[in-house]
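Asks: Sharing data18.cif here; it has mmCIF, C-alpha atoms.
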```
data_start
#
loop_
_atom_site.group_PDB
_atom_site.id
_atom_site.type_symbol
_atom_site.label_atom_id
_atom_site.label_comp_id
_atom_site.auth_asym_id
_atom_site.auth_seq_id
_atom_site.Cartn_x
_atom_site.Cartn_y
_atom_site.Cartn_z
ATOM 1 C CA GLU A 172 0.000 0.000 0.000
ATOM 2 C CA LYS A 173 2.846 2.333 0.682
ATOM 3 C CA ARG A 174 4.086 1.713 -2.771
ATOM 4 C CA LYS A 175 0.654 2.356 -4.180
ATOM 5 C CA LYS A 176 0.401 5.601 -2.237
ATOM 6 C CA LYS A 177 3.807 6.681 -3.463
ATOM 7 C CA LYS A 178 2.811 5.936 -7.040
ATOM 8 C CA ASP A 179 -0.412 7.841 -6.639
ATOM 9 C CA THR A 180 1.428 10.803 -5.115
ATOM 10 C CA SER A 181 4.010 10.857 -7.871
ATOM 11 C CA ALA A 182 1.262 10.549 -10.480
ATOM 12 C CA ALA A 183 -0.590 13.459 -8.886
ATOM 13 C CA ALA A 184 2.614 15.473 -8.858
ATOM 14 C CA GLU A 185 3.189 14.764 -12.521
ATOM 15 C CA LEU A 186 -0.386 15.756 -13.368
ATOM 16 C CA ASP A 187 0.036 18.902 -11.330
ATOM 17 C CA GLU A 188 3.319 19.652 -13.146
ATOM 18 C CA GLY A 189 1.651 19.072 -16.561
ATOM 19 C CA LYS A 190 -1.161 21.474 -15.666
ATOM 20 C CA ARG A 191 1.353 24.124 -14.662
ATOM 21 C CA GLU A 192 3.166 23.799 -18.008
ATOM 22 C CA GLU A 193 -0.113 24.070 -19.938
ATOM 23 C CA ASP A 194 -1.085 27.137 -17.942
ATOM 24 C CA SER A 195 2.332 28.665 -18.602
ATOM 25 C CA GLU A 196 1.999 28.048 -22.372
ATOM 26 C CA LYS A 197 -1.510 29.527 -22.410
ATOM 27 C CA LYS A 198 -0.283 32.555 -20.510
ATOM 28 C CA HIS A 199 2.591 32.975 -23.001
ATOM 29 C CA GLU A 200 0.155 32.654 -25.902
ATOM 30 C CA ASP A 201 -2.098 35.233 -24.262
ATOM 31 C CA ASP A 202 0.848 37.606 -23.959
ATOM 32 C CA MET A 203 1.541 37.204 -27.714
ATOM 33 C CA ALA A 204 -2.110 37.590 -28.724
ATOM 34 C CA LEU A 205 -3.376 40.978 -29.852
ATOM 35 C CA ASP A 206 -6.714 42.247 -28.874
ATOM 36 C CA VAL A 207 -7.972 43.856 -32.116
ATOM 37 C CA ASP A 208 -11.460 44.698 -33.083
ATOM 38 C CA PRO A 209 -12.360 42.962 -36.389
ATOM 39 C CA ASP A 210 -13.471 46.309 -37.865
ATOM 40 C CA ASP A 211 -9.983 47.775 -37.312
ATOM 41 C CA VAL A 212 -8.033 44.908 -38.924
ATOM 42 C CA LEU A 213 -7.991 46.430 -42.430
ATOM 43 C CA GLU A 214 -6.892 49.837 -41.183
ATOM 44 C CA LEU A 215 -4.119 48.280 -39.073
ATOM 45 C CA LEU A 216 -2.894 46.199 -42.027
ATOM 46 C CA ARG A 217 -2.822 49.287 -44.272
ATOM 47 C CA MET A 218 -0.845 51.220 -41.660
ATOM 48 C CA PHE A 219 1.543 48.301 -41.265
ATOM 49 C CA THR A 220 2.215 48.052 -45.033
ATOM 50 C CA GLU A 221 2.731 51.829 -45.319
ATOM 51 C CA GLU A 222 5.230 51.777 -42.459
ATOM 52 C CA LYS A 223 7.014 48.801 -44.020
ATOM 53 C CA GLU A 224 7.234 50.625 -47.376
ATOM 54 C CA LYS A 225 8.620 53.761 -45.704
ATOM 55 C CA ARG A 226 11.304 51.713 -43.975
ATOM 56 C CA SER A 227 12.245 49.969 -47.177
ATOM 57 C CA GLU A 228 12.379 53.309 -49.072
ATOM 58 C CA THR A 229 14.738 54.798 -46.521
ATOM 59 C CA SER A 230 16.987 51.750 -46.724
ATOM 60 C CA ARG A 231 16.815 51.550 -50.541
ATOM 61 C CA PRO A 232 19.136 54.437 -51.401
ATOM 62 C CA SER A 233 21.985 52.830 -49.568
ATOM 63 C CA THR A 234 21.143 49.492 -51.168
ATOM 64 C CA GLN A 235 20.825 51.138 -54.569
ATOM 65 C CA GLN A 236 24.055 53.042 -54.008
ATOM 66 C CA ALA A 237 25.786 49.822 -53.051
ATOM 67 C CA ARG A 238 24.408 48.098 -56.150
ATOM 68 C CA GLN A 239 25.394 51.074 -58.322
ATOM 69 C CA LYS A 240 28.877 51.097 -56.817
ATOM 70 C CA ALA A 241 29.265 47.351 -57.355
ATOM 71 C CA LEU A 242 27.993 47.723 -60.922
ATOM 72 C CA THR A 243 30.380 50.601 -61.587
ATOM 73 C CA GLU A 244 33.289 48.650 -60.140
ATOM 74 C CA SER A 245 32.440 45.583 -62.223
ATOM 75 C CA GLU A 246 32.064 47.734 -65.355
ATOM 76 C CA GLU A 247 35.427 49.370 -64.656
ATOM 77 C CA ALA A 248 37.037 45.974 -64.137
ATOM 78 C CA GLY A 249 35.481 44.794 -67.410
ATOM 79 C CA ARG A 250 36.794 47.847 -69.266
ATOM 80 C CA GLU A 251 40.245 47.358 -67.793
ATOM 81 C CA ARG A 252 40.237 43.700 -68.810
ATOM 82 C CA THR A 253 39.107 44.640 -72.328
ATOM 83 C CA ARG A 254 41.871 47.265 -72.625
ATOM 84 C CA ARG A 255 44.456 44.748 -71.457
ATOM 85 C CA GLU A 256 43.203 42.124 -73.941
ATOM 86 C CA GLU A 257 43.221 44.639 -76.813
ATOM 87 C CA LYS A 258 46.757 45.706 -75.940
ATOM 88 C CA GLN A 259 47.927 42.082 -75.908
ATOM 89 C CA PHE A 260 46.187 41.465 -79.230
ATOM 90 C CA TRP A 261 47.850 44.405 -80.972
ATOM 91 C CA GLU A 262 51.229 43.521 -79.500
ATOM 92 C CA LYS A 263 50.857 40.038 -80.962
ATOM 93 C CA MET A 264 49.695 41.476 -84.279
ATOM 94 C CA SER A 265 52.749 43.742 -84.489
ATOM 95 C CA ASN A 266 54.986 40.671 -84.410
ATOM 96 C CA VAL A 267 53.061 38.555 -86.917
ATOM 97 C CA LEU A 268 55.480 39.173 -89.819
ATOM 98 C CA PRO A 269 59.185 38.461 -89.600
ATOM 99 C CA GLU A 270 61.434 41.522 -90.031
ATOM 100 C CA ARG A 271 62.792 40.277 -93.386
ATOM 101 C CA THR A 272 59.295 39.853 -94.865
ATOM 102 C CA LEU A 273 58.315 43.286 -93.605
ATOM 103 C CA ARG A 274 61.351 44.880 -95.330
ATOM 104 C CA VAL A 275 60.496 43.101 -98.593
ATOM 105 C CA TRP A 276 56.927 44.365 -98.434
ATOM 106 C CA GLN A 277 58.072 47.907 -97.678
ATOM 107 C CA ALA A 278 60.428 47.832 -100.699
ATOM 108 C CA LEU A 279 57.573 46.468 -102.812
ATOM 109 C CA ALA A 280 55.304 49.272 -101.613
ATOM 110 C CA ARG A 281 57.935 51.909 -102.550
ATOM 111 C CA GLY A 282 58.338 50.313 -105.990
ATOM 112 C CA LEU A 283 54.582 50.259 -106.527
ATOM 113 C CA ASP A 284 54.335 53.921 -105.486
ATOM 114 C CA ASP A 285 57.022 54.814 -108.042
ATOM 115 C CA TYR A 286 55.255 52.748 -110.702
ATOM 116 C CA HIS A 287 51.982 54.510 -109.863
ATOM 117 C CA GLY A 288 53.713 57.875 -110.400
ATOM 118 C CA VAL A 289 55.004 56.728 -113.801
ATOM 119 C CA LEU A 290 51.537 55.548 -114.807
ATOM 120 C CA GLN A 291 50.017 58.887 -113.730
ATOM 121 C CA GLU A 292 52.577 60.781 -115.801
ATOM 122 C CA ARG A 293 51.923 58.510 -118.785
ATOM 123 C CA SER A 294 48.164 59.086 -118.443
ATOM 124 C CA ASN A 295 48.706 62.857 -118.407
ATOM 125 C CA LEU A 296 50.924 62.621 -121.512
ATOM 126 C CA LEU A 297 48.305 60.524 -123.332
ATOM 127 C CA ASP A 298 45.647 63.124 -122.525
ATOM 128 C CA GLU A 299 47.924 65.897 -123.783
ATOM 129 C CA THR A 300 48.698 63.909 -126.970
ATOM 130 C CA ALA A 301 44.976 63.459 -127.651
ATOM 131 C CA VAL A 302 44.438 67.226 -127.315
ATOM 132 C CA LEU A 303 47.376 67.969 -129.638
ATOM 133 C CA GLN A 304 46.110 65.474 -132.248
ATOM 134 C CA GLN A 305 42.699 67.147 -132.204
ATOM 135 C CA GLN A 306 44.299 70.604 -132.619
ATOM 136 C CA ASN A 307 46.447 69.244 -135.446
ATOM 137 C CA ALA A 308 43.364 67.882 -137.251
ATOM 138 C CA GLU A 309 41.591 71.220 -136.860
ATOM 139 C CA LEU A 310 44.614 73.115 -138.200
ATOM 140 C CA LYS A 311 44.888 70.784 -141.219
ATOM 141 C CA ALA A 312 41.236 71.302 -142.032
ATOM 142 C CA LEU A 313 41.686 75.073 -141.737
ATOM 143 C CA LEU A 314 44.809 75.024 -143.951
ATOM 144 C CA ASN A 315 43.006 72.973 -146.600
ATOM 145 C CA GLN A 316 40.148 75.451 -146.474
ATOM 146 C CA TYR A 317 42.540 78.422 -147.002
ATOM 147 C CA LEU A 318 44.418 76.696 -149.789
ATOM 148 C CA GLY A 319 41.186 75.895 -151.612
ATOM 149 C CA ALA A 320 39.930 79.486 -151.483
ATOM 150 C CA LYS A 321 39.485 81.433 -154.789
ATOM 151 C CA VAL A 322 41.613 84.292 -153.492
ATOM 152 C CA ASN A 323 44.683 82.107 -153.935
ATOM 153 C CA ASP A 324 44.092 81.784 -157.686
ATOM 154 C CA GLU A 325 44.282 85.557 -158.176
ATOM 155 C CA LEU A 326 47.747 85.822 -156.621
ATOM 156 C CA HIS A 327 50.883 86.007 -158.883
ATOM 157 C CA ILE A 328 52.376 83.084 -157.032
ATOM 158 C CA PRO A 329 49.628 80.920 -155.567
ATOM 159 C CA PRO A 330 50.475 79.236 -152.269
ATOM 160 C CA THR A 331 49.671 75.853 -153.753
ATOM 161 C CA GLN A 332 52.761 76.116 -155.964
ATOM 162 C CA VAL A 333 55.037 76.935 -152.995
ATOM 163 C CA ILE A 334 53.599 74.491 -150.494
ATOM 164 C CA ARG A 335 53.397 70.848 -151.178
ATOM 165 C CA ILE A 336 50.570 69.160 -149.393
ATOM 166 C CA ASP A 337 50.626 65.480 -148.752
ATOM 167 C CA HIS A 338 46.946 64.518 -148.913
ATOM 168 C CA ASN A 339 47.670 60.939 -147.881
ATOM 169 C CA ALA A 340 48.814 62.010 -144.421
ATOM 170 C CA ASN A 341 46.173 62.457 -141.785
#
```
Represent the structure from my file as structure tokens, please.

Replies:
Amino acid sequence: EKRKKKKDTSAAAELDEGKREEDSEKKHEDDMALDVDPDDVLELLRMFTEEKEKRSETSRPSTQQARQKALTESEEAGRERTRREEKQFWEKMSNVLPERTLRVWQALARGLDDYHGVLQERSNLLDETAVLQQQNAELKALLNQYLGAKVNDELHIPPTQVIRIDHNAN
């Protein structure tokens, strides 16, 4: 019976302890609970969201500035990398041809420039020759016209007797 009494006492103590824990949890829940009238819930939610937006707006500039700074730094690093790569590329390109080949090409370029000058001069001379040939043809036609004029027949010594004209020549 003593053992039974002890068991009953310990069981009662455990039940008592369990009730205390439940009461403590309920009290904690009651402390966390808000007492809000259902009609005021919408207004309180609106006020809460406005306050949250204001807080986020005040913290945004620093966040945006940090993002902008990080973006600027990454852009600058990208530009620097691009400049470095371009410099390496052009350094490699400057050494593509051996020195001997480069000298040969430079001599060839000078020779071609000289040849171009000769061709230009020749073109100018051909143009000048064409102009002179046209003038020559006009002068021949004019001379033939003067020699065929009736005035020449009235002269004591007609020019046709003094001048020999080769009609076969152009």

Asks: What does the distance between CA of Gly249 (chain A) and CA of Trp261 (chain A) come to in Å, to one decimal place?

Replies: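 That distance, rounded to one decimal, is 18.4 Å.
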
Asks: Would you mind reading off the distance between CA of Ala241 (chain A) and CA of Arg254 (chain A), one decimal, in Å?

Replies: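 It comes out at 19.8 Å.
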
Asks: At what distance in Å, to one decimal, does CA of Leu268 (chain A) lie from CA of Ala280 (chain A)?

Replies: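 It comes out at 15.5 Å.
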